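Enquirer: Structure provided below as structure tokens; questions to follow.
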There are 2 protein chains.
Amino acid sequence: MPTMKDVAKRCGVSESTVSHVINNTRLVSQETRERVLQAMRDLNYLKNAHARRLARGRSDFLGLIISDIENPFFPGLIKAFEASALERGFDVLLCATNYDPARMESVFRKMIENKVPGVAVMTSRVDLSLAGLLVENRVASVFLDSGTTAPLRSDIRLNYATGASQAINYLYNLGHRDCALIAGPQNRPSHVAYRKALETAASRVGLNLRVAEGENNVGSGERAVQRLLTESSVPTAILCSNDLTAIGTLRALGQAGIQVPKDVSVIGADDIPFALLVHPPLTTVRIPREGLGRLAFAVLEGMLHQDAPMGTESALDTELVIRESTATARAQGAPFALAGE
Amino acid sequence: MPTMKDVAKRCGVSESTVSHVINNTRLVSQETRERVLQAMRDLNYLKNAHARRLARGRSDFLGLIISDIENPFFPGLIKAFEASALERGFDVLLCATNYDPARMESVFRKMIENKVPGVAVMTSRVDLSLAGLLVENRVASVFLDSGTTAPLRSDIRLNYATGASQAINYLYNLGHRDCALIAGPQNRPSHVAYRKALETAASRVGLNLRVAEGENNVGSGERAVQRLLTESSVPTAILCSNDLTAIGTLRALGQAGIQVPKDVSVIGADDIPFALLVHPPLTTVRIPREGLGRLAFAVLEGMLHQDAPMGTESALDTELVIRESTATARAQGAPFALAGE
DNA sequence: TGGGTCTGCGCAAGCGCTTTCGCAAGTTCA
DNA sequence: TGAACTTGCGAAAGCGCTTGCGCAGACCCA
């Protein structure tokens, strides 16, 4: 494995010249440059990333922290973040916390140990003391829905209000008056925000919205629906905290012989890739994953260019994507024909 | 940002002692050890990963190369690989090629520049000259279905025969005699292998298997089915190159008013998480993603412990997972009742 | 009591780069 | 024609760790 010294020796220049050729950091005569490049090719020279980063005192890695790569929300986000980063010459150091607080801490430590100049923390529920660790070590960061900013620490707020009021208005205009929300865990700020946004929009137009508990997964969606079906009246539309819950909802309704969207409309949230593929294709409140990835990078990059950057707050709108799981409300108070009964 | 020197100074020992405390690399008296650890805590010391890796000459990163993180096959693989690696004290350097040959090359370069001791290449279709690059730089590797091994280069072969013959036998026993395969791109070795395995198993039991072309995605599955439906007879079962194609198949059949599994059985391949969630839940030939991730790590680790390791060849069985998209074949030659006609 | 073995630790030479400083030769301009 | 730039490059001092070498003192046994 050849080093810069070997390259330098081979073409009779100093190491510093080789370095400057590689990095384009000072004038080198055309002729010398050619010789150096040729020597690099001859020797199959590849730079040593560690040595370079040590000498430079920082790395070209940007951190990206997510909770769970198997959560279908993340791959699109990662890809967009990575694409932006790559375009600007950064590499991405991806870490998943898998919802484990201990792992979360070690992941933050890892970011600092790797001297990343910035890190995007795209998980909800982060201990802000960890954010302090970053600042102490001069690492810029951008959080998701943390609700606060600080020097060196930015925040991206998902604006649930846009998508929520679109969804509510849309349902209202289809004649829905009695709806249910299968909410996500209420210890997650983003789910609280979404719920509040829906409730606000609902009360504005005068639409009744009951809230059932869910846990953001298929099974809890099914169970919530089963509970709903034991109530005296069944809502004409069900909103869900995310698409997985909506899929569970679809399944439970199907199992109960209730037709979607004829009897009950269903609206998800996230717009994961499979929202398109379920039956019927899911109307959903889209969280712009790709936009979020790109924005997270842009915010980070913006901070890197300043020397004592204040954190910024930006917002990203959600929006309703209409597919086939929603339709006009069934006649008010009407029961529905249970298929096969 | 404190360095080892600061820690050493603060408690009056040499840097080497600090280093040995951190790494447990030689005897340090209990008392000195305590003092060092205390100083580290006081200063909030975090080691500099670059300096350490430079001094050691290698990194604690293991490379993992995939093609596309949005392909639902990969997240589970990544997670399992990462979990194994973490457990053994490695970190993972994840890179996606996004099916771009140029990116593939730069990703390999990156692995070498980062001095990873080993890399798992979990994409199909890799230029073996790139594998050569790895060997030159003493990087151990494990490929997927490359069909060859070499010193420092192992291979994991997916054994399609097990799953394929289970699927064929299963269909045969359900009375299916006339089946179709919507095959994947025939320039990918893994798809060729799967197709061959199916054909072998089919001819063994005397089951007719027509082959239609697909491209491993939902749309191509739909189109393939539409083409199949124009033929004089419609097969009683359709096998697909992957689950996405199977989902397309399900949709196209549904759209044509053909019932699954009553009229036509459908079998996918991969067993992606959503195979469980489509309607009806998909019978599929599972490729053990998690097992693959774990095995890739184990193979890599096995090579790291030797100094001039030969590559090994291991195999991983696929298996049929029976859900609800398959059933007894409709009566031979029988047409099917087109719903709504 | 002197040679061996342990235990505990410091010194200093790297690892392979980047980057500051400064020098030499060529060019420009008054 | 000499001061002031400009162009092109080398020497060498780090960056913050790891690790081989070696030394001092304690201990043991013959």
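Chain lettering (A, B, ...) mirrors the order of the structure tokens, residue numbering begins at 1 for each chain separately, and ligand numbering begins at 1 in order of display.
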Kindly determine which residues of chain A lie within 12 Å of chain C, considering only C-alpha atoms (C1' of nucleotides), and give the answer as a list of chain:residue names.
Expert: A:Met1, A:Pro2, A:Thr3, A:Met4, A:Lys5, A:Asp6, A:Glu15, A:Ser16, A:Thr17, A:Val18, A:Ser19, A:His20, A:Ile22, A:Asn23, A:Thr25, A:Arg26, A:Leu46, A:Lys47, A:Asn48, A:Ala49, A:His50, A:Ala51, A:Arg52, A:Arg53, A:Leu54, A:Ala55, A:Arg56, A:Gly57, A:Arg58
Enquirer: If we count only C-alpha atoms (C1' of nucleotides) and set the cut-off at 8 Å, which residues sit around segment 278-284 of chain B, ignoring sequence neighbours fewer than 3 positions away in its own chain? Please answer as an MDAnalysis selection string.
Expert: (chainID A and resid 277:279) or (chainID B and resid 243 247 260 266:271 274:275 320:326)
Enquirer: If you run DSSP on the backbone, which residues of segment 159-327 of chain A are alpha helix (DSSP H), as a PyMOL selection string?
Expert: chain A and resi 160-173+189-205+218-229+243-255+289-304
Enquirer: Using only C-alpha atoms, can you tell me which of B:Pro273, B:Arg251, B:Gly118, B:Leu130 comes closest to Asn71 of chain A?
Expert: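 Closest residue, counting only C-alpha atoms: B:Pro273.
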Enquirer: Find the residues in chain D near chain B: any atom within 8 Å counts, using only C-alpha atoms (C1' of nucleotides). Write them as a list in words.
Expert: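 My answer is DC15, DG16, DC17 and DT18 of chain D.
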Enquirer: Write to file, as a PDB file, in the first residue's frame, the residues of the selection just made, with C-alpha atoms (C1' of nucleotides).
Expert:
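Once everything was written out, this is again.pdb:
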ATOM      1  C1'  DC D  15      -2.265  16.276  14.174  1.00  0.00           C
ATOM      2  C1'  DG D  16      -3.287  12.663  18.664  1.00  0.00           C
ATOM      3  C1'  DC D  17      -2.768   8.472  19.174  1.00  0.00           C
ATOM      4  C1'  DT D  18      -0.148   3.313  19.712  1.00  0.00           C
TER       5       DT D  18
END
Enquirer: Would you mind telling me which residue in B:Glu231, B:Glu136, B:Asp42, B:Glu105 lies nearest to chain A when using only C-alpha atoms?
Expert: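 Distance minimum relative to chain A lands on B:Glu136.
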Enquirer: Would you work out the distance separating atom CA of Thr97 of chain B from atom CA of Thr123 of chain B, expressed in Å to one decimal?
Expert: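 It comes out at 8.6 Å.
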Enquirer: So how many Å separate atom CA of Ser265 of chain B and atom CA of Ala193 of chain B, to one decimal?
Expert: 22.4 Å
Enquirer: Using only C-alpha atoms, pick whichever of B:Arg294, B:Arg88, B:Arg33, B:Lys110 has the shortest atom-to-atom distance to chain A.
Expert: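 Using only C-alpha atoms, chain A sits closest to B:Lys110.
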